[in-house]
Amino acid sequence: MGLLNRLDDPIQGDGIILGTVEDLLNWGRSKSDWYLQFGLACCAIEFMAVNAAHFDMMRFGAIPRTSPRQADFIIISGTVTLKMADRIKTLYEQMSEPRYVMSMGSCSNSGGPYWEHGYHVLKGVDRIIPVDVYVPGCPPRPEAFFDGLVKLQKMISTQAIFRKREKMSKEELEALELRNKKIKEYNERVKKELEEFGTQPNDRYSGYSLDFIKKEEK
Amino acid sequence: MTATEIYDKLKNEFANDIISLTEEANVDPFILVNSSRITEICLYLRDEADMNFDYLVNLSGVDYKTNFTVVYHLYSLKLKHRIVLKVELSPEKPSVTTVEKVWKTANWHEREAYDMFGIVFEGHPFMVRILCPYDWEGFPLRKDYKEPEFYRGIKVAY
């Protein structure tokens with residue numbers, strides 16, 4: 001983040017910027033975070049307003065991608081049903097690293113209004129994938145969404161790529177530990193599920209075979 | 001046509017299979033019919049010139065604990081009159097013949113009733129769940145439904 005500030009620096013100015021490669025990479029990454037064009041429920045309506053001309057999400061450098069393979073982060077905007085949970089996991093697994101997750105609205109944060117009697121609703125998307133930023137609201141205002149987006153950009157821009165841990169500030173270190181812990185938990189869970197179900201993840205998530213439907217018909 | 005006229009006409013045609021007509025304030029008048037002849041009755045209502053019920057507004061299931069009920073809301077776009085049919089099914093093994101061949105609309109509605117209540121519609125071309133995942137256990141809108149603890153290794157309760 002410090003990269004642009006140095007342009008105005010009287011000592012380091014004069015068209016020469018001194019900085020680290022990490023700063024440059026992180027600056028580029030945080031200012032062109034592409035997201036997966038993906039919506040689930042009524043939060044997606046608010047998310048459309050975020051995208052449209054009035055609030056104009058593109059001014060933050062965020063461009064919608066229709067393929068998870070090109071996306072840097074995914075916004076879980078709406079109620080995650082148990083039927084959808086598998087599909088979300090597939091999308092997340094198809095994204096290339098480093099990948100980030102933004103949970104938008106009460107439903108994907110914690111189940112929202114369905115927390116007690118929603119037999120079909122996943123009570124928080126963080127039960128299946130690691131979440132980086134939670135945006136509260138039902139649905140959140142676009143301003144709240146942008147607050148979350150800026151937090152995500154800040155997180156990306158301070159991420160350590162080459163830096164040694166000793167040189168990190170205490171907050172940065174804590175954030176890194178937390179993220180690593182979440183990703184580790186996710187990886188362990190996926191491994192355990194694979195052992196339990198004994199199939200490749202893509203087979204399991206890509207839908208249901210016709211054999212199953214035939215069985216049901218009988 | 002009023003509900004009473006429709007009821008009388010049906011009574012002439014199907015006699016004992018038309019059980020009763022209920023007319024109460026603030027409730028659509030409904031006719032309780034025998035579940036074994038529902039397809040014929042619906043076909044008659046659709047094709048008879050002065051009935052002409054060409055539109056199935058809604059088909060839904062109800063769990064009354066003592067029995068399962070399927071409710072058919074019918075409307076005639078041409079003659080602008082409406083009627084509600086009800087059939088009562090056994091609570092152990094609810095099943096009724098399909099009206100999918102009478103109104104194509106019934107296809108998804110019957111699948112939904114099956115998904116939520118486990119009411120089997122005999123003769124339906126594709127009687128599988130429509131909203132819940134195919135491997136879902138139990139029928140969620142039944143009164144005695146217990147929500148599962150885990151679904152595919154994911155904890156369901158808050």
# chains A, B, ... in the order shown; residues from 1 in each chain; ligands from 1

$ residues_around --residues "region 72-78 of chain A" --least-positions-apart "4" --cutoff "7 Å" --atoms "only C-alpha atoms" --output "ChimeraX atom specification"
/A:33-36,39-44,98-105,107-108

$ write_last_selection --atoms "N, CA, C and O atoms" --output "PDB file, in the first residue's frame"
ATOM      1  N   ASP A  33      -8.943  -7.169  -7.879  1.00  0.00           N
ATOM      2  CA  ASP A  33      -9.495  -8.424  -7.371  1.00  0.00           C
ATOM      3  C   ASP A  33     -10.756  -8.772  -8.143  1.00  0.00           C
ATOM      4  O   ASP A  33     -11.764  -8.084  -8.050  1.00  0.00           O
ATOM      5  N   TRP A  34     -10.668  -9.804  -8.915  1.00  0.00           N
ATOM      6  CA  TRP A  34     -11.798 -10.232  -9.730  1.00  0.00           C
ATOM      7  C   TRP A  34     -12.637 -11.211  -8.938  1.00  0.00           C
ATOM      8  O   TRP A  34     -12.104 -12.079  -8.262  1.00  0.00           O
ATOM      9  N   TYR A  35     -13.952 -11.048  -9.079  1.00  0.00           N
ATOM     10  CA  TYR A  35     -14.828 -11.904  -8.286  1.00  0.00           C
ATOM     11  C   TYR A  35     -15.668 -12.789  -9.190  1.00  0.00           C
ATOM     12  O   TYR A  35     -15.886 -12.485 -10.357  1.00  0.00           O
ATOM     13  N   LEU A  36     -16.138 -13.848  -8.622  1.00  0.00           N
ATOM     14  CA  LEU A  36     -17.001 -14.770  -9.362  1.00  0.00           C
ATOM     15  C   LEU A  36     -18.413 -14.198  -9.418  1.00  0.00           C
ATOM     16  O   LEU A  36     -18.978 -13.846  -8.382  1.00  0.00           O
ATOM     17  N   GLY A  39     -24.724 -15.351  -7.462  1.00  0.00           N
ATOM     18  CA  GLY A  39     -25.643 -14.864  -6.452  1.00  0.00           C
ATOM     19  C   GLY A  39     -26.579 -15.961  -6.005  1.00  0.00           C
ATOM     20  O   GLY A  39     -26.857 -16.896  -6.758  1.00  0.00           O
ATOM     21  N   LEU A  40     -27.046 -15.883  -4.765  1.00  0.00           N
ATOM     22  CA  LEU A  40     -27.870 -16.968  -4.251  1.00  0.00           C
ATOM     23  C   LEU A  40     -29.306 -16.550  -3.949  1.00  0.00           C
ATOM     24  O   LEU A  40     -30.240 -17.206  -4.366  1.00  0.00           O
ATOM     25  N   ALA A  41     -29.498 -15.487  -3.190  1.00  0.00           N
ATOM     26  CA  ALA A  41     -30.856 -15.160  -2.760  1.00  0.00           C
ATOM     27  C   ALA A  41     -31.040 -13.645  -2.807  1.00  0.00           C
ATOM     28  O   ALA A  41     -30.494 -12.993  -3.686  1.00  0.00           O
ATOM     29  N   CYS A  42     -31.784 -13.108  -1.841  1.00  0.00           N
ATOM     30  CA  CYS A  42     -32.122 -11.691  -1.908  1.00  0.00           C
ATOM     31  C   CYS A  42     -30.892 -10.797  -1.746  1.00  0.00           C
ATOM     32  O   CYS A  42     -30.889  -9.664  -2.221  1.00  0.00           O
ATOM     33  N   CYS A  43     -29.831 -11.277  -1.086  1.00  0.00           N
ATOM     34  CA  CYS A  43     -28.597 -10.494  -1.013  1.00  0.00           C
ATOM     35  C   CYS A  43     -28.039 -10.246  -2.407  1.00  0.00           C
ATOM     36  O   CYS A  43     -27.387  -9.233  -2.649  1.00  0.00           O
ATOM     37  N   ALA A  44     -28.313 -11.169  -3.318  1.00  0.00           N
ATOM     38  CA  ALA A  44     -27.828 -11.004  -4.687  1.00  0.00           C
ATOM     39  C   ALA A  44     -28.484  -9.806  -5.360  1.00  0.00           C
ATOM     40  O   ALA A  44     -27.888  -9.182  -6.230  1.00  0.00           O
ATOM     41  N   PRO A  98      -4.031 -17.700  -4.826  1.00  0.00           N
ATOM     42  CA  PRO A  98      -4.722 -17.441  -3.573  1.00  0.00           C
ATOM     43  C   PRO A  98      -6.181 -17.054  -3.803  1.00  0.00           C
ATOM     44  O   PRO A  98      -6.474 -16.257  -4.658  1.00  0.00           O
ATOM     45  N   ARG A  99      -7.063 -17.652  -3.034  1.00  0.00           N
ATOM     46  CA  ARG A  99      -8.492 -17.393  -3.199  1.00  0.00           C
ATOM     47  C   ARG A  99      -9.073 -16.889  -1.879  1.00  0.00           C
ATOM     48  O   ARG A  99      -8.588 -17.254  -0.815  1.00  0.00           O
ATOM     49  N   TYR A 100     -10.075 -16.052  -2.007  1.00  0.00           N
ATOM     50  CA  TYR A 100     -10.666 -15.436  -0.820  1.00  0.00           C
ATOM     51  C   TYR A 100     -12.188 -15.603  -0.864  1.00  0.00           C
ATOM     52  O   TYR A 100     -12.766 -15.745  -1.939  1.00  0.00           O
ATOM     53  N   VAL A 101     -12.769 -15.569   0.313  1.00  0.00           N
ATOM     54  CA  VAL A 101     -14.224 -15.740   0.403  1.00  0.00           C
ATOM     55  C   VAL A 101     -14.813 -14.592   1.198  1.00  0.00           C
ATOM     56  O   VAL A 101     -14.298 -14.220   2.247  1.00  0.00           O
ATOM     57  N   MET A 102     -15.870 -14.014   0.657  1.00  0.00           N
ATOM     58  CA  MET A 102     -16.585 -12.963   1.357  1.00  0.00           C
ATOM     59  C   MET A 102     -17.996 -13.486   1.616  1.00  0.00           C
ATOM     60  O   MET A 102     -18.679 -13.915   0.696  1.00  0.00           O
ATOM     61  N   SER A 103     -18.398 -13.466   2.875  1.00  0.00           N
ATOM     62  CA  SER A 103     -19.739 -13.916   3.221  1.00  0.00           C
ATOM     63  C   SER A 103     -20.616 -12.684   3.368  1.00  0.00           C
ATOM     64  O   SER A 103     -20.321 -11.800   4.156  1.00  0.00           O
ATOM     65  N   MET A 104     -21.676 -12.609   2.560  1.00  0.00           N
ATOM     66  CA  MET A 104     -22.503 -11.398   2.535  1.00  0.00           C
ATOM     67  C   MET A 104     -23.875 -11.690   3.145  1.00  0.00           C
ATOM     68  O   MET A 104     -24.595 -12.549   2.669  1.00  0.00           O
ATOM     69  N   GLY A 105     -24.223 -10.988   4.202  1.00  0.00           N
ATOM     70  CA  GLY A 105     -25.556 -11.103   4.785  1.00  0.00           C
ATOM     71  C   GLY A 105     -25.656 -12.135   5.896  1.00  0.00           C
ATOM     72  O   GLY A 105     -24.825 -13.026   6.029  1.00  0.00           O
ATOM     73  N   CYS A 107     -27.657 -14.642   6.398  1.00  0.00           N
ATOM     74  CA  CYS A 107     -27.881 -16.047   6.061  1.00  0.00           C
ATOM     75  C   CYS A 107     -26.571 -16.801   5.888  1.00  0.00           C
ATOM     76  O   CYS A 107     -26.377 -17.867   6.456  1.00  0.00           O
ATOM     77  N   SER A 108     -25.682 -16.230   5.096  1.00  0.00           N
ATOM     78  CA  SER A 108     -24.440 -16.970   4.876  1.00  0.00           C
ATOM     79  C   SER A 108     -23.486 -16.798   6.048  1.00  0.00           C
ATOM     80  O   SER A 108     -22.554 -17.582   6.210  1.00  0.00           O
TER      81      SER A 108
END

$ select_by_dssp --residues "region 31-64 of chain A" --states "alpha helix (DSSP H)" --output "ChimeraX atom specification"
/A:31,42-51

$ write_last_selection --atoms "N, CA and C atoms" --output "JSON list (two decimals), in the first residue's frame"
[["chain", "number", "residue", "atom", "x", "y", "z"],
["A", 31, "LYS", "N", -5.70, -4.32, -6.03],
["A", 31, "LYS", "CA", -6.44, -3.34, -6.83],
["A", 31, "LYS", "C", -7.06, -3.95, -8.08],
["A", 42, "CYS", "N", -31.78, -13.11, -1.84],
["A", 42, "CYS", "CA", -32.12, -11.69, -1.91],
["A", 42, "CYS", "C", -30.89, -10.80, -1.75],
["A", 43, "CYS", "N", -29.83, -11.28, -1.09],
["A", 43, "CYS", "CA", -28.60, -10.49, -1.01],
["A", 43, "CYS", "C", -28.04, -10.25, -2.41],
["A", 44, "ALA", "N", -28.31, -11.17, -3.32],
["A", 44, "ALA", "CA", -27.83, -11.00, -4.69],
["A", 44, "ALA", "C", -28.48, -9.81, -5.36],
["A", 45, "ILE", "N", -29.73, -9.48, -4.94],
["A", 45, "ILE", "CA", -30.40, -8.30, -5.48],
["A", 45, "ILE", "C", -29.65, -7.04, -5.05],
["A", 46, "GLU", "N", -29.28, -7.02, -3.76],
["A", 46, "GLU", "CA", -28.50, -5.89, -3.26],
["A", 46, "GLU", "C", -27.13, -5.86, -3.95],
["A", 47, "PHE", "N", -26.61, -7.02, -4.22],
["A", 47, "PHE", "CA", -25.32, -7.12, -4.88],
["A", 47, "PHE", "C", -25.38, -6.59, -6.31],
["A", 48, "MET", "N", -26.55, -6.76, -6.94],
["A", 48, "MET", "CA", -26.73, -6.19, -8.28],
["A", 48, "MET", "C", -26.68, -4.67, -8.22],
["A", 49, "ALA", "N", -27.26, -4.11, -7.14],
["A", 49, "ALA", "CA", -27.19, -2.65, -6.96],
["A", 49, "ALA", "C", -25.75, -2.22, -6.78],
["A", 50, "VAL", "N", -24.97, -3.04, -6.08],
["A", 50, "VAL", "CA", -23.55, -2.75, -5.88],
["A", 50, "VAL", "C", -22.84, -2.69, -7.23],
["A", 51, "ASN", "N", -23.24, -3.57, -8.13],
["A", 51, "ASN", "CA", -22.59, -3.65, -9.44],
["A", 51, "ASN", "C", -23.03, -2.53, -10.38]]

$ closest_residue --among "A:Val121, A:Met168, A:Leu178, A:Leu149" --to "chain B" --atoms "only C-alpha atoms"
A:Val121

$ interface_residues --of "chain B" --to "chain A" --cutoff "6 Å" --atoms "only C-alpha atoms" --output "ChimeraX atom specification"
/B:133,147,158

$ residues_around --residues "Arg82 (chain B)" --least-positions-apart "3" --cutoff "9 Å" --atoms "only C-alpha atoms" --output "list of chain:residue names"
B:Met1, B:Thr2, B:Ala3, B:Asp28, B:Phe53, B:His73, B:Leu74, B:Tyr75, B:Ser76, B:Leu79

$ closest_residue --among "A:Pro136, A:Gly28, A:Gly19, A:Pro130" --to "Lys89 (chain A)" --atoms "only C-alpha atoms"
A:Pro130

$ atom_distance --atom1 "CA of Glu23 (chain B)" --atom2 "CA of Thr4 (chain B)"
8.9 Å

$ atom_distance --atom1 "CA of Val156 (chain B)" --atom2 "CA of Val190 (chain A)"
17.6 Å

$ residues_around --residues "Asp115 (chain B)" --least-positions-apart "4" --cutoff "8 Å" --atoms "only C-alpha atoms" --output "short mmCIF file (atom, residue, chain, number, x, y, z; two decimals) with N, CA, C and O atoms, in the first residue's frame"
data_model
loop_
_atom_site.label_atom_id
_atom_site.label_comp_id
_atom_site.auth_asym_id
_atom_site.auth_seq_id
_atom_site.Cartn_x
_atom_site.Cartn_y
_atom_site.Cartn_z
N ARG B 111 -44.95 -33.28 -7.97
CA ARG B 111 -43.61 -33.62 -7.48
C ARG B 111 -43.32 -32.88 -6.17
O ARG B 111 -42.68 -33.42 -5.27
N ILE B 119 -46.65 -37.87 -0.59
CA ILE B 119 -47.87 -38.36 -1.26
C ILE B 119 -47.46 -38.86 -2.65
O ILE B 119 -46.90 -38.10 -3.44
N VAL B 128 -40.11 -37.98 -8.72
CA VAL B 128 -38.95 -37.84 -7.83
C VAL B 128 -39.02 -36.47 -7.18
O VAL B 128 -39.85 -35.63 -7.53
N ARG B 129 -38.14 -36.26 -6.20
CA ARG B 129 -38.14 -34.99 -5.48
C ARG B 129 -37.84 -33.83 -6.41
O ARG B 129 -37.11 -33.98 -7.39
N ILE B 130 -38.39 -32.66 -6.06
CA ILE B 130 -38.15 -31.50 -6.93
C ILE B 130 -37.35 -30.42 -6.23
O ILE B 130 -36.53 -29.75 -6.85
N LEU B 131 -37.54 -30.24 -4.91
CA LEU B 131 -36.84 -29.16 -4.21
C LEU B 131 -35.68 -29.69 -3.37
O LEU B 131 -34.57 -29.20 -3.46
N CYS B 132 -35.94 -30.67 -2.55
CA CYS B 132 -34.89 -31.23 -1.70
C CYS B 132 -33.91 -32.03 -2.56
O CYS B 132 -34.26 -32.46 -3.66
N PHE B 139 -39.86 -36.51 4.84
CA PHE B 139 -40.66 -35.53 4.11
C PHE B 139 -40.89 -34.33 5.02
O PHE B 139 -41.63 -34.41 6.00
N PRO B 140 -40.27 -33.19 4.72
CA PRO B 140 -40.12 -32.10 5.68
C PRO B 140 -41.41 -31.47 6.20
O PRO B 140 -41.44 -31.02 7.33
#

$ atom_distance --atom1 "CA of Thr66 (chain B)" --atom2 "CA of Phe117 (chain B)"
13.7 Å

$ select_by_dssp --residues "chain A" --states "strand (DSSP E)" --output "list of chain:residue names"
A:Tyr35, A:Leu36, A:Pro64, A:Arg65, A:Phe73, A:Ile74, A:Ile75, A:Ile76, A:Ser77, A:Tyr100, A:Val101, A:Met102, A:Ser103, A:Met104, A:Val133, A:Tyr134, A:Val135

$ write_last_selection --atoms "N, CA and C atoms" --output "PDB file, in the first residue's frame"
ATOM      1  N   TYR A  35     -13.952 -11.048  -9.079  1.00  0.00           N
ATOM      2  CA  TYR A  35     -14.828 -11.904  -8.286  1.00  0.00           C
ATOM      3  C   TYR A  35     -15.668 -12.789  -9.190  1.00  0.00           C
ATOM      4  N   LEU A  36     -16.138 -13.848  -8.622  1.00  0.00           N
ATOM      5  CA  LEU A  36     -17.001 -14.770  -9.362  1.00  0.00           C
ATOM      6  C   LEU A  36     -18.413 -14.198  -9.418  1.00  0.00           C
ATOM      7  N   PRO A  64     -16.423  -8.685 -12.630  1.00  0.00           N
ATOM      8  CA  PRO A  64     -17.037 -10.012 -12.527  1.00  0.00           C
ATOM      9  C   PRO A  64     -16.446 -10.992 -13.527  1.00  0.00           C
ATOM     10  N   ARG A  65     -16.181 -12.185 -13.075  1.00  0.00           N
ATOM     11  CA  ARG A  65     -15.735 -13.259 -13.965  1.00  0.00           C
ATOM     12  C   ARG A  65     -16.792 -14.356 -13.923  1.00  0.00           C
ATOM     13  N   PHE A  73     -11.809 -13.918  -5.816  1.00  0.00           N
ATOM     14  CA  PHE A  73     -12.623 -14.159  -4.626  1.00  0.00           C
ATOM     15  C   PHE A  73     -14.063 -14.418  -4.990  1.00  0.00           C
ATOM     16  N   ILE A  74     -14.763 -15.040  -4.055  1.00  0.00           N
ATOM     17  CA  ILE A  74     -16.165 -15.400  -4.283  1.00  0.00           C
ATOM     18  C   ILE A  74     -17.000 -14.726  -3.205  1.00  0.00           C
ATOM     19  N   ILE A  75     -18.152 -14.204  -3.605  1.00  0.00           N
ATOM     20  CA  ILE A  75     -19.050 -13.557  -2.647  1.00  0.00           C
ATOM     21  C   ILE A  75     -20.244 -14.476  -2.459  1.00  0.00           C
ATOM     22  N   ILE A  76     -20.397 -14.986  -1.252  1.00  0.00           N
ATOM     23  CA  ILE A  76     -21.547 -15.841  -0.966  1.00  0.00           C
ATOM     24  C   ILE A  76     -22.695 -14.916  -0.594  1.00  0.00           C
ATOM     25  N   SER A  77     -23.512 -14.554  -1.554  1.00  0.00           N
ATOM     26  CA  SER A  77     -24.537 -13.539  -1.317  1.00  0.00           C
ATOM     27  C   SER A  77     -25.901 -14.206  -1.205  1.00  0.00           C
ATOM     28  N   TYR A 100     -10.075 -16.052  -2.007  1.00  0.00           N
ATOM     29  CA  TYR A 100     -10.666 -15.436  -0.820  1.00  0.00           C
ATOM     30  C   TYR A 100     -12.188 -15.603  -0.864  1.00  0.00           C
ATOM     31  N   VAL A 101     -12.769 -15.569   0.313  1.00  0.00           N
ATOM     32  CA  VAL A 101     -14.224 -15.740   0.403  1.00  0.00           C
ATOM     33  C   VAL A 101     -14.813 -14.592   1.198  1.00  0.00           C
ATOM     34  N   MET A 102     -15.870 -14.014   0.657  1.00  0.00           N
ATOM     35  CA  MET A 102     -16.585 -12.963   1.357  1.00  0.00           C
ATOM     36  C   MET A 102     -17.996 -13.486   1.616  1.00  0.00           C
ATOM     37  N   SER A 103     -18.398 -13.466   2.875  1.00  0.00           N
ATOM     38  CA  SER A 103     -19.739 -13.916   3.221  1.00  0.00           C
ATOM     39  C   SER A 103     -20.616 -12.684   3.368  1.00  0.00           C
ATOM     40  N   MET A 104     -21.676 -12.609   2.560  1.00  0.00           N
ATOM     41  CA  MET A 104     -22.503 -11.398   2.535  1.00  0.00           C
ATOM     42  C   MET A 104     -23.875 -11.690   3.145  1.00  0.00           C
ATOM     43  N   VAL A 133     -13.923 -12.478   5.041  1.00  0.00           N
ATOM     44  CA  VAL A 133     -14.616 -11.266   5.484  1.00  0.00           C
ATOM     45  C   VAL A 133     -16.109 -11.571   5.635  1.00  0.00           C
ATOM     46  N   TYR A 134     -16.653 -11.175   6.776  1.00  0.00           N
ATOM     47  CA  TYR A 134     -18.094 -11.301   6.991  1.00  0.00           C
ATOM     48  C   TYR A 134     -18.712  -9.914   6.875  1.00  0.00           C
ATOM     49  N   VAL A 135     -19.779  -9.792   6.077  1.00  0.00           N
ATOM     50  CA  VAL A 135     -20.503  -8.524   6.000  1.00  0.00           C
ATOM     51  C   VAL A 135     -21.869  -8.731   6.640  1.00  0.00           C
TER      52      VAL A 135
END

$ closest_residue --among "B:Leu77, B:Glu110, B:Val102, B:Glu24" --to "Ile38 (chain B)" --atoms "only C-alpha atoms"
B:Val102

$ closest_residue --among "B:Glu13, B:Glu92, B:Glu137, B:Glu149" --to "Leu45 (chain B)" --atoms "only C-alpha atoms"
B:Glu13

$ residues_around --residues "Thr105 (chain B)" --least-positions-apart "3" --cutoff "10 Å" --atoms "only C-alpha atoms" --output "PyMOL selection string"
chain B and resi 55-59+99-102+108-110

$ closest_residue --among "B:Ser95, B:Ser20, B:Asn34, B:Thr69" --to "Ile6 (chain B)" --atoms "only C-alpha atoms"
B:Ser20

$ residues_around --residues "Phe121 (chain B)" --least-positions-apart "5" --cutoff "8 Å" --atoms "only C-alpha atoms" --output "PDB file with N, CA and C atoms, in the first residue's frame"
ATOM      1  N   SER B  95     -51.598 -42.191  -1.332  1.00  0.00           N
ATOM      2  CA  SER B  95     -51.351 -42.236  -2.773  1.00  0.00           C
ATOM      3  C   SER B  95     -52.646 -41.963  -3.518  1.00  0.00           C
ATOM      4  N   VAL B  96     -52.529 -41.326  -4.661  1.00  0.00           N
ATOM      5  CA  VAL B  96     -53.686 -40.932  -5.465  1.00  0.00           C
ATOM      6  C   VAL B  96     -53.247 -40.943  -6.922  1.00  0.00           C
ATOM      7  N   THR B  97     -54.204 -41.112  -7.835  1.00  0.00           N
ATOM      8  CA  THR B  97     -53.814 -41.107  -9.252  1.00  0.00           C
ATOM      9  C   THR B  97     -53.495 -39.683  -9.703  1.00  0.00           C
ATOM     10  N   THR B  98     -52.616 -39.602 -10.671  1.00  0.00           N
ATOM     11  CA  THR B  98     -52.121 -38.292 -11.105  1.00  0.00           C
ATOM     12  C   THR B  98     -53.148 -37.563 -11.972  1.00  0.00           C
ATOM     13  N   GLU B 110     -47.252 -31.861  -8.370  1.00  0.00           N
ATOM     14  CA  GLU B 110     -47.342 -33.186  -7.746  1.00  0.00           C
ATOM     15  C   GLU B 110     -45.979 -33.633  -7.234  1.00  0.00           C
ATOM     16  N   TYR B 114     -45.142 -34.558  -3.404  1.00  0.00           N
ATOM     17  CA  TYR B 114     -44.409 -35.774  -3.044  1.00  0.00           C
ATOM     18  C   TYR B 114     -43.182 -35.436  -2.213  1.00  0.00           C
ATOM     19  N   MET B 127     -41.807 -39.336 -10.918  1.00  0.00           N
ATOM     20  CA  MET B 127     -42.149 -39.075  -9.522  1.00  0.00           C
ATOM     21  C   MET B 127     -40.900 -39.065  -8.645  1.00  0.00           C
TER      22      MET B 127
END
